[in-house]
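As provided, final.txt (compact mmCIF, N, CA and C atoms) reads as follows.
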# COMPACT_ATOMS: atom_id res chain seq x y z
N SER A 110 -20.49 87.02 13.81
CA SER A 110 -21.18 85.75 13.87
C SER A 110 -22.44 85.82 13.02
N LYS A 111 -22.84 84.68 12.49
CA LYS A 111 -24.02 84.62 11.65
C LYS A 111 -25.26 84.40 12.49
N ILE A 112 -26.33 85.03 12.10
CA ILE A 112 -27.62 84.84 12.77
C ILE A 112 -28.35 83.72 12.04
N PRO A 113 -28.79 82.68 12.77
CA PRO A 113 -29.51 81.59 12.10
C PRO A 113 -30.86 82.07 11.57
N MET A 114 -31.22 81.59 10.41
CA MET A 114 -32.49 81.95 9.80
C MET A 114 -33.51 80.85 10.10
N VAL A 115 -34.69 81.26 10.52
CA VAL A 115 -35.75 80.31 10.84
C VAL A 115 -37.04 80.82 10.22
N LEU A 116 -37.77 79.89 9.61
CA LEU A 116 -39.08 80.24 9.05
C LEU A 116 -40.12 79.38 9.76
N VAL A 117 -41.00 80.03 10.52
CA VAL A 117 -42.06 79.33 11.24
C VAL A 117 -43.38 79.95 10.83
N LEU A 118 -44.33 79.09 10.54
CA LEU A 118 -45.65 79.51 10.12
C LEU A 118 -46.65 79.18 11.22
N GLU A 119 -47.50 80.14 11.58
CA GLU A 119 -48.56 79.89 12.56
C GLU A 119 -49.89 80.09 11.88
N ILE A 120 -50.77 79.11 12.06
CA ILE A 120 -52.09 79.15 11.44
C ILE A 120 -53.15 78.96 12.53
N ILE A 121 -54.14 79.82 12.52
CA ILE A 121 -55.30 79.66 13.39
C ILE A 121 -56.51 79.70 12.47
N GLY A 122 -57.29 78.64 12.48
CA GLY A 122 -58.44 78.60 11.59
C GLY A 122 -59.34 77.41 11.84
N HIS A 123 -60.29 77.23 10.94
CA HIS A 123 -61.26 76.13 11.04
C HIS A 123 -60.78 74.93 10.23
N VAL A 124 -60.95 73.76 10.81
CA VAL A 124 -60.59 72.52 10.13
C VAL A 124 -61.63 72.26 9.03
N GLY A 125 -61.14 72.04 7.81
CA GLY A 125 -62.04 71.87 6.67
C GLY A 125 -62.48 70.44 6.44
N ARG A 126 -61.69 69.50 6.91
CA ARG A 126 -62.05 68.08 6.76
C ARG A 126 -61.38 67.31 7.89
N ASP A 127 -62.01 66.21 8.27
CA ASP A 127 -61.43 65.36 9.31
C ASP A 127 -60.06 64.87 8.85
N PRO A 128 -59.13 64.66 9.78
CA PRO A 128 -57.81 64.18 9.41
C PRO A 128 -57.87 62.79 8.77
N GLU A 129 -56.99 62.58 7.81
CA GLU A 129 -56.81 61.26 7.21
C GLU A 129 -55.52 60.69 7.78
N GLU A 130 -55.58 59.45 8.21
CA GLU A 130 -54.43 58.79 8.83
C GLU A 130 -53.64 58.02 7.76
N HIS A 131 -52.31 58.17 7.78
CA HIS A 131 -51.44 57.49 6.81
C HIS A 131 -50.28 56.85 7.57
N GLU A 132 -49.74 55.79 6.99
CA GLU A 132 -48.55 55.16 7.58
C GLU A 132 -47.42 55.21 6.57
N HIS A 133 -46.29 55.76 7.00
CA HIS A 133 -45.10 55.83 6.15
C HIS A 133 -44.47 54.44 6.07
N THR A 134 -43.64 54.21 5.06
CA THR A 134 -43.00 52.90 4.89
C THR A 134 -42.12 52.51 6.08
N ASP A 135 -41.66 53.50 6.84
CA ASP A 135 -40.82 53.20 8.02
C ASP A 135 -41.66 52.99 9.29
N GLY A 136 -42.99 53.01 9.15
CA GLY A 136 -43.87 52.74 10.28
C GLY A 136 -44.39 53.97 11.00
N ARG A 137 -43.81 55.14 10.72
CA ARG A 137 -44.29 56.36 11.38
C ARG A 137 -45.66 56.74 10.82
N MET A 138 -46.50 57.28 11.69
CA MET A 138 -47.84 57.72 11.29
C MET A 138 -47.81 59.21 10.95
N TRP A 139 -48.63 59.60 9.97
CA TRP A 139 -48.80 61.01 9.66
C TRP A 139 -50.25 61.26 9.28
N TYR A 140 -50.67 62.50 9.43
CA TYR A 140 -52.07 62.87 9.28
C TYR A 140 -52.17 64.08 8.36
N SER A 141 -53.16 64.08 7.50
CA SER A 141 -53.38 65.22 6.60
C SER A 141 -54.79 65.76 6.81
N PHE A 142 -54.90 67.09 6.77
CA PHE A 142 -56.19 67.77 6.89
C PHE A 142 -56.01 69.19 6.36
N SER A 143 -57.10 69.90 6.19
CA SER A 143 -57.02 71.26 5.68
C SER A 143 -57.56 72.23 6.74
N VAL A 144 -57.04 73.45 6.69
CA VAL A 144 -57.46 74.50 7.62
C VAL A 144 -57.76 75.76 6.81
N SER A 145 -58.85 76.42 7.14
CA SER A 145 -59.21 77.66 6.44
C SER A 145 -59.06 78.86 7.37
N HIS A 146 -58.76 79.98 6.74
CA HIS A 146 -58.69 81.26 7.45
C HIS A 146 -59.47 82.26 6.60
N SER A 147 -60.49 82.88 7.17
CA SER A 147 -61.32 83.82 6.43
C SER A 147 -61.19 85.23 6.97
N VAL A 148 -61.12 86.17 6.05
CA VAL A 148 -61.04 87.59 6.41
C VAL A 148 -62.21 88.31 5.74
N LYS A 149 -62.93 89.07 6.53
CA LYS A 149 -64.07 89.83 6.00
C LYS A 149 -63.55 90.96 5.12
N THR A 150 -64.09 91.06 3.92
CA THR A 150 -63.71 92.14 3.01
C THR A 150 -64.67 93.31 3.19
N ARG A 151 -64.40 94.39 2.49
CA ARG A 151 -65.30 95.55 2.55
C ARG A 151 -66.46 95.41 1.58
N LYS A 152 -66.45 94.35 0.80
CA LYS A 152 -67.48 94.13 -0.22
C LYS A 152 -68.69 93.41 0.36
N THR A 153 -69.81 93.57 -0.30
CA THR A 153 -71.04 92.85 0.06
C THR A 153 -71.65 92.27 -1.21
N ASN A 154 -72.47 91.25 -1.03
CA ASN A 154 -73.16 90.66 -2.19
C ASN A 154 -74.46 91.41 -2.45
N GLU A 155 -75.26 90.90 -3.40
CA GLU A 155 -76.51 91.56 -3.78
C GLU A 155 -77.49 91.71 -2.62
N LYS A 156 -77.40 90.80 -1.65
CA LYS A 156 -78.30 90.82 -0.49
C LYS A 156 -77.75 91.66 0.65
N GLY A 157 -76.58 92.28 0.44
CA GLY A 157 -75.98 93.11 1.48
C GLY A 157 -75.18 92.33 2.50
N GLN A 158 -74.97 91.05 2.25
CA GLN A 158 -74.20 90.22 3.17
C GLN A 158 -72.70 90.39 2.91
N ALA A 159 -71.93 90.33 3.97
CA ALA A 159 -70.48 90.48 3.86
C ALA A 159 -69.87 89.37 3.02
N ILE A 160 -68.83 89.71 2.28
CA ILE A 160 -68.07 88.74 1.50
C ILE A 160 -66.74 88.49 2.21
N TYR A 161 -66.39 87.23 2.32
CA TYR A 161 -65.15 86.84 3.00
C TYR A 161 -64.14 86.32 1.99
N ASP A 162 -62.88 86.62 2.22
CA ASP A 162 -61.79 86.08 1.43
C ASP A 162 -61.19 84.93 2.24
N THR A 163 -61.28 83.71 1.71
CA THR A 163 -60.85 82.53 2.45
C THR A 163 -59.59 81.93 1.83
N THR A 164 -58.63 81.63 2.70
CA THR A 164 -57.40 80.96 2.29
C THR A 164 -57.40 79.57 2.90
N TRP A 165 -57.13 78.55 2.07
CA TRP A 165 -57.07 77.17 2.54
C TRP A 165 -55.61 76.72 2.60
N VAL A 166 -55.27 76.02 3.67
CA VAL A 166 -53.91 75.49 3.85
C VAL A 166 -54.01 73.99 4.07
N ASN A 167 -53.30 73.22 3.24
CA ASN A 167 -53.21 71.77 3.45
C ASN A 167 -52.13 71.51 4.49
N CYS A 168 -52.48 70.77 5.54
CA CYS A 168 -51.56 70.54 6.66
C CYS A 168 -51.21 69.05 6.78
N THR A 169 -49.99 68.80 7.19
CA THR A 169 -49.53 67.45 7.45
C THR A 169 -48.92 67.43 8.84
N TYR A 170 -49.36 66.50 9.67
CA TYR A 170 -48.81 66.35 11.01
C TYR A 170 -48.11 65.00 11.09
N TRP A 171 -46.82 65.03 11.41
CA TRP A 171 -46.05 63.80 11.60
C TRP A 171 -46.01 63.48 13.08
N SER A 172 -46.38 62.27 13.43
CA SER A 172 -46.36 61.85 14.83
C SER A 172 -44.93 61.60 15.27
N SER A 173 -44.49 62.36 16.27
CA SER A 173 -43.11 62.23 16.74
C SER A 173 -43.00 61.46 18.05
N GLU A 174 -44.12 61.23 18.69
CA GLU A 174 -44.08 60.49 19.94
C GLU A 174 -45.36 59.68 20.10
N GLU A 175 -45.26 58.57 20.80
CA GLU A 175 -46.43 57.73 21.01
C GLU A 175 -47.45 58.45 21.88
N GLY A 176 -48.69 58.22 21.61
CA GLY A 176 -49.76 58.83 22.40
C GLY A 176 -50.29 60.11 21.80
N VAL A 177 -49.47 60.81 21.01
CA VAL A 177 -49.93 62.06 20.40
C VAL A 177 -50.82 61.77 19.20
N ALA A 178 -50.44 60.79 18.42
CA ALA A 178 -51.18 60.47 17.19
C ALA A 178 -52.66 60.22 17.43
N PRO A 179 -53.04 59.39 18.37
CA PRO A 179 -54.48 59.17 18.58
C PRO A 179 -55.22 60.45 18.97
N ARG A 180 -54.53 61.38 19.62
CA ARG A 180 -55.19 62.63 20.02
C ARG A 180 -55.49 63.49 18.80
N VAL A 181 -54.66 63.40 17.76
CA VAL A 181 -54.95 64.14 16.54
C VAL A 181 -56.29 63.68 15.98
N MET A 182 -56.46 62.38 15.88
CA MET A 182 -57.71 61.83 15.34
C MET A 182 -58.90 62.12 16.25
N GLU A 183 -58.65 62.21 17.55
CA GLU A 183 -59.73 62.43 18.52
C GLU A 183 -60.18 63.90 18.57
N TYR A 184 -59.23 64.84 18.52
CA TYR A 184 -59.56 66.24 18.76
C TYR A 184 -59.66 67.10 17.51
N VAL A 185 -58.97 66.75 16.44
CA VAL A 185 -59.03 67.56 15.22
C VAL A 185 -60.21 67.06 14.39
N LYS A 186 -61.26 67.85 14.31
CA LYS A 186 -62.48 67.47 13.61
C LYS A 186 -62.93 68.60 12.68
N LYS A 187 -63.59 68.23 11.59
CA LYS A 187 -64.12 69.21 10.65
C LYS A 187 -64.97 70.24 11.38
N GLY A 188 -64.71 71.52 11.12
CA GLY A 188 -65.46 72.60 11.74
C GLY A 188 -64.84 73.13 13.01
N GLY A 189 -63.96 72.35 13.64
CA GLY A 189 -63.29 72.80 14.85
C GLY A 189 -62.25 73.86 14.57
N ILE A 190 -61.82 74.54 15.61
CA ILE A 190 -60.78 75.56 15.47
C ILE A 190 -59.47 74.99 15.99
N VAL A 191 -58.40 75.22 15.22
CA VAL A 191 -57.07 74.75 15.63
C VAL A 191 -56.06 75.89 15.53
N ARG A 192 -55.00 75.75 16.30
CA ARG A 192 -53.85 76.65 16.23
C ARG A 192 -52.64 75.77 15.96
N LEU A 193 -51.98 76.00 14.84
CA LEU A 193 -50.85 75.19 14.43
C LEU A 193 -49.61 76.05 14.26
N SER A 194 -48.48 75.48 14.55
CA SER A 194 -47.21 76.16 14.35
C SER A 194 -46.23 75.16 13.80
N GLY A 195 -45.50 75.55 12.76
CA GLY A 195 -44.53 74.63 12.20
C GLY A 195 -43.77 75.23 11.05
N THR A 196 -42.96 74.41 10.42
CA THR A 196 -42.14 74.84 9.30
C THR A 196 -42.84 74.47 8.00
N PRO A 197 -43.07 75.46 7.13
CA PRO A 197 -43.73 75.14 5.84
C PRO A 197 -42.79 74.38 4.91
N LYS A 198 -43.34 73.42 4.20
CA LYS A 198 -42.55 72.65 3.23
C LYS A 198 -43.35 72.46 1.98

Show me, as structure tokens, the structure contained in the file I just sent.
Amino acid sequence: SKIPMVLVLEIIGHVGRDPEEHEHTDGRMWYSFSVSHSVKTRKTNEKGQAIYDTTWVNCTYWSSEEGVAPRVMEYVKKGGIVRLSGTPK
């Protein structure tokens, strides 16, 4: 038997910008925002401060049920921490 292949991405990081609300031509709502993940490197700058390597991920959330969409706009805010899981596209 074949084993199904699944690719799931999990991101935990800081929201870089407030979500932008969009409406698809079929009426479904979707939201876009960015999330950063920073890792401290072994390097320091001239002042001896740690240097971080930051990766930015552009995220899109499609509203699949009523009531969830407004919560995205209410709780996902710039500077906040989020944990996301989904399929990369």

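Across the structure, atom C of A:Ser172 and atom N of A:Met114 are spaced 24.7 Å apart.
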
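Residues in contact with A:Ile190 at 7 Å, where all atoms listed in the file are counted and same-chain residues fewer than 3 positions away are skipped, are listed as Ile121, Gly122, His123, Val124, Lys186 and Lys187 of chain A.
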
(message) Using all atoms listed in the file and a cutoff of 8 Å, can you tell me which residues are near (-41.6, 76.4, 9.8) in the file's coordinates, and write them out as a list in words?
(response) Val115, Leu116, Val117, Leu118, Glu119, Ser194, Gly195, Thr196, Pro197 and Lys198 of chain A

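Closest approach to A:Trp171 among A:His131, A:Tyr184, A:Arg126, A:Trp139 is made by A:Trp139 (distances from all atoms listed in the file).
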
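When atom CA of A:His133 is paired with atom CA of A:Asn167, their separation reads 18.1 Å.
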
(message) Could you list, as a PyMOL selection string, every residue within 7 Å of A:Gly125, counting only C-alpha atoms and ignoring same-chain residues fewer than 6 positions away?
(response) chain A and resi 143-145+187-188

Test item: residues at most 6.5 Å from A:Ser141, all atoms listed in the file, excluding those fewer than 4 positions along its chain, as a compact mmCIF listing (two decimals) with N, CA and C atoms, keeping the file's coordinate frame:
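Here's the written file selection12.txt:
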# COMPACT_ATOMS: atom_id res chain seq x y z
N ASP A 127 -62.01 66.21 8.27
CA ASP A 127 -61.43 65.36 9.31
C ASP A 127 -60.06 64.87 8.85
N PRO A 128 -59.13 64.66 9.78
CA PRO A 128 -57.81 64.18 9.41
C PRO A 128 -57.87 62.79 8.77
N GLU A 129 -56.99 62.58 7.81
CA GLU A 129 -56.81 61.26 7.21
C GLU A 129 -55.52 60.69 7.78
N GLU A 130 -55.58 59.45 8.21
CA GLU A 130 -54.43 58.79 8.83
C GLU A 130 -53.64 58.02 7.76
N HIS A 131 -52.31 58.17 7.78
CA HIS A 131 -51.44 57.49 6.81
C HIS A 131 -50.28 56.85 7.57
N CYS A 168 -52.48 70.77 5.54
CA CYS A 168 -51.56 70.54 6.66
C CYS A 168 -51.21 69.05 6.78
N THR A 169 -49.99 68.80 7.19
CA THR A 169 -49.53 67.45 7.45
C THR A 169 -48.92 67.43 8.84
N TYR A 170 -49.36 66.50 9.67
CA TYR A 170 -48.81 66.35 11.01
C TYR A 170 -48.11 65.00 11.09

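The interatomic distance for the pair atom C of A:Arg192 and atom N of A:Glu132 works out to 22.1 Å.
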
Could you pull out all residues of stretch 111-166 of chain A with a DSSP call of strand (DSSP E or B) and give them as a PDB file with N, CA and C atoms, in the coordinates of the input?
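Output saved as result.pdb:
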ATOM      1  N   LEU A 118     -44.330  79.090  10.540  1.00  0.00           N
ATOM      2  CA  LEU A 118     -45.650  79.510  10.120  1.00  0.00           C
ATOM      3  C   LEU A 118     -46.650  79.180  11.220  1.00  0.00           C
ATOM      4  N   GLU A 119     -47.500  80.140  11.580  1.00  0.00           N
ATOM      5  CA  GLU A 119     -48.560  79.890  12.560  1.00  0.00           C
ATOM      6  C   GLU A 119     -49.890  80.090  11.880  1.00  0.00           C
ATOM      7  N   ILE A 120     -50.770  79.110  12.060  1.00  0.00           N
ATOM      8  CA  ILE A 120     -52.090  79.150  11.440  1.00  0.00           C
ATOM      9  C   ILE A 120     -53.150  78.960  12.530  1.00  0.00           C
ATOM     10  N   ILE A 121     -54.140  79.820  12.520  1.00  0.00           N
ATOM     11  CA  ILE A 121     -55.300  79.660  13.390  1.00  0.00           C
ATOM     12  C   ILE A 121     -56.510  79.700  12.470  1.00  0.00           C
ATOM     13  N   GLY A 122     -57.290  78.640  12.480  1.00  0.00           N
ATOM     14  CA  GLY A 122     -58.440  78.600  11.590  1.00  0.00           C
ATOM     15  C   GLY A 122     -59.340  77.410  11.840  1.00  0.00           C
ATOM     16  N   HIS A 123     -60.290  77.230  10.940  1.00  0.00           N
ATOM     17  CA  HIS A 123     -61.260  76.130  11.040  1.00  0.00           C
ATOM     18  C   HIS A 123     -60.780  74.930  10.230  1.00  0.00           C
ATOM     19  N   VAL A 124     -60.950  73.760  10.810  1.00  0.00           N
ATOM     20  CA  VAL A 124     -60.590  72.520  10.130  1.00  0.00           C
ATOM     21  C   VAL A 124     -61.630  72.260   9.030  1.00  0.00           C
ATOM     22  N   GLU A 129     -56.990  62.580   7.810  1.00  0.00           N
ATOM     23  CA  GLU A 129     -56.810  61.260   7.210  1.00  0.00           C
ATOM     24  C   GLU A 129     -55.520  60.690   7.780  1.00  0.00           C
ATOM     25  N   GLU A 130     -55.580  59.450   8.210  1.00  0.00           N
ATOM     26  CA  GLU A 130     -54.430  58.790   8.830  1.00  0.00           C
ATOM     27  C   GLU A 130     -53.640  58.020   7.760  1.00  0.00           C
ATOM     28  N   HIS A 131     -52.310  58.170   7.780  1.00  0.00           N
ATOM     29  CA  HIS A 131     -51.440  57.490   6.810  1.00  0.00           C
ATOM     30  C   HIS A 131     -50.280  56.850   7.570  1.00  0.00           C
ATOM     31  N   GLU A 132     -49.740  55.790   6.990  1.00  0.00           N
ATOM     32  CA  GLU A 132     -48.550  55.160   7.580  1.00  0.00           C
ATOM     33  C   GLU A 132     -47.420  55.210   6.570  1.00  0.00           C
ATOM     34  N   MET A 138     -46.500  57.280  11.690  1.00  0.00           N
ATOM     35  CA  MET A 138     -47.840  57.720  11.290  1.00  0.00           C
ATOM     36  C   MET A 138     -47.810  59.210  10.950  1.00  0.00           C
ATOM     37  N   TRP A 139     -48.630  59.600   9.970  1.00  0.00           N
ATOM     38  CA  TRP A 139     -48.800  61.010   9.660  1.00  0.00           C
ATOM     39  C   TRP A 139     -50.250  61.260   9.280  1.00  0.00           C
ATOM     40  N   TYR A 140     -50.670  62.500   9.430  1.00  0.00           N
ATOM     41  CA  TYR A 140     -52.070  62.870   9.280  1.00  0.00           C
ATOM     42  C   TYR A 140     -52.170  64.080   8.360  1.00  0.00           C
ATOM     43  N   SER A 141     -53.160  64.080   7.500  1.00  0.00           N
ATOM     44  CA  SER A 141     -53.380  65.220   6.600  1.00  0.00           C
ATOM     45  C   SER A 141     -54.790  65.760   6.810  1.00  0.00           C
ATOM     46  N   PHE A 142     -54.900  67.090   6.770  1.00  0.00           N
ATOM     47  CA  PHE A 142     -56.190  67.770   6.890  1.00  0.00           C
ATOM     48  C   PHE A 142     -56.010  69.190   6.360  1.00  0.00           C
ATOM     49  N   SER A 143     -57.100  69.900   6.190  1.00  0.00           N
ATOM     50  CA  SER A 143     -57.020  71.260   5.680  1.00  0.00           C
ATOM     51  C   SER A 143     -57.560  72.230   6.740  1.00  0.00           C
ATOM     52  N   VAL A 144     -57.040  73.450   6.690  1.00  0.00           N
ATOM     53  CA  VAL A 144     -57.460  74.500   7.620  1.00  0.00           C
ATOM     54  C   VAL A 144     -57.760  75.760   6.810  1.00  0.00           C
ATOM     55  N   SER A 145     -58.850  76.420   7.140  1.00  0.00           N
ATOM     56  CA  SER A 145     -59.210  77.660   6.440  1.00  0.00           C
ATOM     57  C   SER A 145     -59.060  78.860   7.370  1.00  0.00           C
ATOM     58  N   HIS A 146     -58.760  79.980   6.740  1.00  0.00           N
ATOM     59  CA  HIS A 146     -58.690  81.260   7.450  1.00  0.00           C
ATOM     60  C   HIS A 146     -59.470  82.260   6.600  1.00  0.00           C
ATOM     61  N   SER A 147     -60.490  82.880   7.170  1.00  0.00           N
ATOM     62  CA  SER A 147     -61.320  83.820   6.430  1.00  0.00           C
ATOM     63  C   SER A 147     -61.190  85.230   6.970  1.00  0.00           C
ATOM     64  N   VAL A 148     -61.120  86.170   6.050  1.00  0.00           N
ATOM     65  CA  VAL A 148     -61.040  87.590   6.410  1.00  0.00           C
ATOM     66  C   VAL A 148     -62.210  88.310   5.740  1.00  0.00           C
ATOM     67  N   LYS A 149     -62.930  89.070   6.530  1.00  0.00           N
ATOM     68  CA  LYS A 149     -64.070  89.830   6.000  1.00  0.00           C
ATOM     69  C   LYS A 149     -63.550  90.960   5.120  1.00  0.00           C
ATOM     70  N   THR A 150     -64.090  91.060   3.920  1.00  0.00           N
ATOM     71  CA  THR A 150     -63.710  92.140   3.010  1.00  0.00           C
ATOM     72  C   THR A 150     -64.670  93.310   3.190  1.00  0.00           C
ATOM     73  N   ARG A 151     -64.400  94.390   2.490  1.00  0.00           N
ATOM     74  CA  ARG A 151     -65.300  95.550   2.550  1.00  0.00           C
ATOM     75  C   ARG A 151     -66.460  95.410   1.580  1.00  0.00           C
ATOM     76  N   LYS A 152     -66.450  94.350   0.800  1.00  0.00           N
ATOM     77  CA  LYS A 152     -67.480  94.130  -0.220  1.00  0.00           C
ATOM     78  C   LYS A 152     -68.690  93.410   0.360  1.00  0.00           C
ATOM     79  N   THR A 153     -69.810  93.570  -0.300  1.00  0.00           N
ATOM     80  CA  THR A 153     -71.040  92.850   0.060  1.00  0.00           C
ATOM     81  C   THR A 153     -71.650  92.270  -1.210  1.00  0.00           C
ATOM     82  N   ALA A 159     -71.930  90.330   3.970  1.00  0.00           N
ATOM     83  CA  ALA A 159     -70.480  90.480   3.860  1.00  0.00           C
ATOM     84  C   ALA A 159     -69.870  89.370   3.020  1.00  0.00           C
ATOM     85  N   ILE A 160     -68.830  89.710   2.280  1.00  0.00           N
ATOM     86  CA  ILE A 160     -68.070  88.740   1.500  1.00  0.00           C
ATOM     87  C   ILE A 160     -66.740  88.490   2.210  1.00  0.00           C
ATOM     88  N   TYR A 161     -66.390  87.230   2.320  1.00  0.00           N
ATOM     89  CA  TYR A 161     -65.150  86.840   3.000  1.00  0.00           C
ATOM     90  C   TYR A 161     -64.140  86.320   1.990  1.00  0.00           C
ATOM     91  N   ASP A 162     -62.880  86.620   2.220  1.00  0.00           N
ATOM     92  CA  ASP A 162     -61.790  86.080   1.430  1.00  0.00           C
ATOM     93  C   ASP A 162     -61.190  84.930   2.240  1.00  0.00           C
ATOM     94  N   THR A 163     -61.280  83.710   1.710  1.00  0.00           N
ATOM     95  CA  THR A 163     -60.850  82.530   2.450  1.00  0.00           C
ATOM     96  C   THR A 163     -59.590  81.930   1.830  1.00  0.00           C
ATOM     97  N   THR A 164     -58.630  81.630   2.700  1.00  0.00           N
ATOM     98  CA  THR A 164     -57.400  80.960   2.290  1.00  0.00           C
ATOM     99  C   THR A 164     -57.400  79.570   2.900  1.00  0.00           C
ATOM    100  N   TRP A 165     -57.130  78.550   2.070  1.00  0.00           N
ATOM    101  CA  TRP A 165     -57.070  77.170   2.540  1.00  0.00           C
ATOM    102  C   TRP A 165     -55.610  76.720   2.600  1.00  0.00           C
ATOM    103  N   VAL A 166     -55.270  76.020   3.670  1.00  0.00           N
ATOM    104  CA  VAL A 166     -53.910  75.490   3.850  1.00  0.00           C
ATOM    105  C   VAL A 166     -54.010  73.990   4.070  1.00  0.00           C
TER     106      VAL A 166
END

(request) Within 9 Å of (-57.0, 85.1, 8.5) (coordinates as in the file), grab all the protein and nucleic acid residues, counting only C-alpha atoms, and write them out as number ranges by chain. (result) A: 120-122, 145-149, 162-164

(request) Write down as a PyMOL selection string the residues of chain A whose backbone DSSP state falls under alpha helix (DSSP H). (result) chain A and resi 177-184
